[in-house]
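For reference, the structure is listed below as structure tokens.
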Amino acid sequence: MIELRNITKRFGAVLANDRVSIKVEPGTIHAIVGENGAGKSTAMRIAYGFYTADSGEILINGQVREIRTPHDAIAFGIGMVHQHFMLVEPMTVAENIVLGAEPGSAASLDLRKAAEEIRKLSDEFKLSVNPKATIETLSVGQQQRVELLKALYRRAQLLILDEPTAVLTPQEVEEFFAILRGMREQGKTIVIITHKLSEVLAISDNVTVMRDGKVVGDLKTSETNAADLARLMVGREVLLRVEKPAAKPGDAVLALRDLSILGRDGSKRVDSISFEVRAGEIVGIAGVEGNGQTELIETLAGLIPGSYVTGSISFEGCDITQLDARKRKELGIAHVPEDRHRRGLLLDFSLAENTILGVHYRKPAVSADGILLDQKGIQRRTEQVIRDFDVRPPNAALPARALSGGNQQKLIIGREFELPPKLLLVSQPTRGVDIGAIEFIHRKIVALRDEGCAVLLVSAELEEVTALSDRLLVIHNGRVVGEVDPTVASNEEIGLMMTGGSA
Amino acid sequence: MKLFKEILFPLIAVVAAFIVGGIVILIIGDSPIQTYKLLLGSAFSWPDGIGYTLFNATPLIFTGLAVAVAFRCGLLNIGAEGQLYVAAFAAAWVGMKFGAPDPGNTFVSQIVHLPGIVLVPLCCIAAIVAGAIWGGIPGLLKAKFGSHEVINTIMLNFIAVALLSYFTQYHYKVPGDPIMQTAPTSPSSNLAHLGKFIPGLPARIPLNLAFILAIVACILVYIFLWKTKWGYEMRATGANPSAAEYGGISIRKQIILAMAISGGLAGMVGINEVLGYRHRYYDGFSANYGFVGIAVALLGRNHPVGVFLAAILFAILLRGGIFVDAFTMHVSKDIVDMLQGIVIVFVAAEAIFRGPLKQFGLLKKAKV
């Protein structure tokens with residue numbers, strides 16, 4: 001269907017694609033895997049006409065073609081769905097889909113005809129999307145299907161999906177994969193860019209592995225496994241399982257009693273939760289996203305106004321319900337937020353300025369007078385975080401924006417570990433982080449536990465919570481519906497509890 | 001490299017504005033080169049050109065800083081105009097009431113007769129505090145009720161202007177004076193003209209100590225924003241309020257503080273105007289300083305050094321406009337407003353230049 005031959009692309013001094021050749025067979029699902037910055041997105045953006053290659057050629061159905069703009073790509077039957085959706089929220093599905101390819105004459109927009117066609121496409125590919133719904137009323141998973149419809153509406157034969165599962169819950173991923181399989185049966189060709197190996201193995205027919213801008217492996221999925229792919233991606237052996245000794249829990253550090261949290265709309269997000277986290281143990285919270293985890297962690301970190309919260313939170317025996325975020329941090333409560341761009345980082349600030357966020361008003365960030373920032377102290381702390389957490393590139397003056405997701409996350413975790421914490425609240429520690437860094441972050445969290453820190457972990461990745469946690473609480477609709485032993489319970493069992501069924 | 005990039009866009013915007021302006025001048029029927037010679041050249045003569053340019057730049061430095069500080073906290077202060085009026089009036093009021101009266105003041109009575117060494121700082125503080133309050137009100141409203149600062153600062157501009165006209169007309173004007181101005185302030189409240197200290201600069205040029213104060217303000221704002229924990233908190237709030245909140249920073253406090261500081265800086269225009277120049281409150285004295293301050297901050301990239309340079313540029317244009325008016329056939333001094341407008345359009349539309357600059361390798365291309 002499409003073939004890239006010896007594509008080379010340079011951005012300044014960076015060689016993003018170095019003689020990349022990828023051949024995608026028609027009617028297959030082809031995965032392209034690699035760590036962040038390996039060049040997989042660049043290659044696909046070249047195929048879609050976002051960038052033009054410095055050298056090399058693109059063949060479509062065996063013929064050399066020029067693709068200079070996305071318009072050309074669409075004309076050749078190539079569609080692309082980006083990681084971040086490009087939808088107009090207050091408009092309807094149909095309006096969004098026809099945007100840029102409006103049916104009817106210049107003066108009259110024939111939306112009815114379009115809606116008809118969209119409904120037909122939706123049925124054909126089992127997308128169950130209502131063309132008349134407005135985007136803002138749809139779930140993230142449904143919005144993604146609208147993006148798919150957008151490409152299908154433009155008669156795409158080849159769909160390029162950039163990290164399509166990053167925003168989906170485990171259930172949605174399953175549904176989504178079923179849709180992709182259905183599309184393959186209807187003769188569509190799909191290229192899926194990802195760094196999640198389990199997904200590669202679950203969905204793809206062929207897989208191309210990229211590292212440092214080069215293709216380092218071209219395999220049939222049926223003839224490979226996760227360990228091999230990981231080794232190809234990272235260039236060394238990778239531990240996919242977390243190795244940890246048994247926990248030696250001490251006294252309770254955090255204790256919640258009948259904690260309830262209201263949302264801004266007045267609905268109950270967390271409903272009388274009570275549990276404890278002891279020193280030296282990792283307590284995991286498993287649950288489908290949006291079941292109160294976000295509110296729970298934010299409340300514990302002191303980021304939700306007291307008027308929304310009832311019940312009590314005690315830390316080392318003292319009631320901290322009334323304390324603000326700064327006081328809690330001073331007590332030793334560290335927080336790795338779920339959304340690092342929104343909460344965790346000042347993207348345009350330097351790494352140095354980011355490593356003092358939260359401790360910027362006290363030593364070592366300020367000098368003896370308590371007002372002026374102590375540039376030397378800040379530099380020392382930053383260098384330490386960069387060294388201990390292997391943040392790359394190791395340049396304290398760079399803006400946080402310039403770092404890859406994995407390195408941004410390492411920076412945040414490093415900052416919080418420097419506190420030093422007695423309690424770590426950590427949410428989605430490895431979301432959008434590449435394999436090498438995942439392994440690193442997991443080891444750091446376990447090491448922190450072994451030093452006697454209490455850890456409360458929330459993750460949408462079931463594998464992650466079961467692998468890391470010493471005890472696992474399952475949350476559904478704002479209630480803890482059960483506690484399981486993660487070494488014993490099966491994923492099916494936990495999955496059932498997560499969706500409200502009983503184990 | 002970073003500095004180069006910071007300067008590059010404003011510079012291109014200015015050059016581009018002059019090119020577009022040149023075309024317009026050509027169409028009107030004058031020589032662009034001749035016009036620009038008048039416009040820019042007249043600012044550099046000694047002592048009048050430089051003296052008046054720096055005098056004109058003084059209020060723009062203050063208002064530019066005011067807008068920049070608010071902007072660093074993520075706020076748009078459109079109310080510098082109202083703040084500087086209130087501040088100027090406060091300075092004049094203290095100057096009238098707390099010092100030995102000017103012979104021309106036969107109307108406003110005094111509370112005490114303070115010597116200049118006390119009265120001048122007192123007037124300055126009055127201006128800063130009044131500006132800070134007038135700026136702090138929309139800050140407070142935003143922090144408490146979430147009402148938007150743009151709306152509230154604009155509304156407070158109208159209130160300030162109307163209120164001060166009323167006070168001037170009915171309470172502080174010398175009866176019979178046909179001009180809308182208060183009685184003169186005490187001579188002890190006068191700020192020395194720089195001519196006193198600089199040989200060759202005649203005392204008639206109103207460039208005064210407020211200009212030195214403006215430079216000090218630039219330095220202090222720089223230290224505050226980038227070298228203190230308070231500035232860090234303010235910039236963090238502006239850069240990402242959610243992350244600032246996560247870092248234990250009270251966003252509400254920062255909003256109130258930023259607006260108050262912004263208002264205080266705008267208020268310092270009153271020092272230049274009342275203590276350094278007119279020695280009374282003159283109704284409607286501001287040549288849109290508060291609004292031009294937005295342009296100054298924008299062109300100066302919200303950095304004190306940039307604000308200083310941008311204020312000088314706008315002051316040059318302001319002065320040059322008078323000569324353009326007088327010595328060209330067709331072009332009027334409105335050309336200055338037009339150039340300012342085009343500069344702002346180009347600064348705001350930075351993206352226009354990004355593409356071509358990348359082509360020429362002047363800017364790094366997008367990351368992978």
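In the structure tokens, each chain is lettered A, B, ... as it comes, each chain's residues begin at 1, and ligands are numbered from 1 in order of appearance.
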Using only C-alpha atoms, determine which residues of chain B fall within 6 Å of chain A; present them as an mmCIF file with N, CA and C atoms, in the first residue's frame.
data_model
loop_
_atom_site.group_PDB
_atom_site.id
_atom_site.type_symbol
_atom_site.label_atom_id
_atom_site.label_comp_id
_atom_site.auth_asym_id
_atom_site.auth_seq_id
_atom_site.Cartn_x
_atom_site.Cartn_y
_atom_site.Cartn_z
ATOM 1 N N LYS B 227 14.669 37.627 40.670
ATOM 2 C CA LYS B 227 15.639 37.301 41.711
ATOM 3 C C LYS B 227 15.018 37.056 43.083
ATOM 4 N N THR B 228 13.721 37.302 43.216
ATOM 5 C CA THR B 228 13.125 37.066 44.525
ATOM 6 C C THR B 228 12.094 35.945 44.446
ATOM 7 N N LYS B 229 11.804 35.368 45.623
ATOM 8 C CA LYS B 229 10.805 34.301 45.658
ATOM 9 C C LYS B 229 9.420 34.839 45.299
ATOM 10 N N SER B 242 -2.333 26.471 37.458
ATOM 11 C CA SER B 242 -2.559 25.161 38.083
ATOM 12 C C SER B 242 -1.286 24.645 38.727
ATOM 13 N N ALA B 243 -0.168 24.809 38.008
ATOM 14 C CA ALA B 243 1.102 24.342 38.547
ATOM 15 C C ALA B 243 1.521 25.202 39.733
ATOM 16 N N GLY B 247 2.277 24.104 43.488
ATOM 17 C CA GLY B 247 3.504 24.445 44.201
ATOM 18 C C GLY B 247 3.248 25.237 45.474
ATOM 19 N N GLY B 248 1.997 25.260 45.940
ATOM 20 C CA GLY B 248 1.696 25.912 47.203
ATOM 21 C C GLY B 248 1.630 27.429 47.110
#
Quiz prompt | 10 Å contact set for Gly139 (chain B), only C-alpha atoms, chain neighbours under 2 positions out, as JSON, numbers by chain | solution = {"B": [70, 75, 77, 133, 134, 135, 136, 137, 141, 142, 143, 144, 145, 146, 147, 148, 149, 152, 153, 252, 253, 254, 255, 256, 257, 258, 259, 260, 263]}
Exercise. Compile the contact shell of region 174-178 of chain B as number ranges by chain: residues with an atom at most 8 Å away, counting only C-alpha atoms, same-chain residues fewer than 6 positions apart removed.
Key: B: 105-108
Quiz prompt | Long-range neighbours of Arg269 (chain A) as a ChimeraX atom specification, 9 Å cut-off, only C-alpha atoms, 5 positions minimum in chain | solution = /A:260-263,290-293,295-296,477-479
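Among the candidates B:Trp230, B:Phe9, B:Tyr281, B:Tyr36, the one nearest to Ala87 (chain B) when counting only C-alpha atoms is B:Tyr281.
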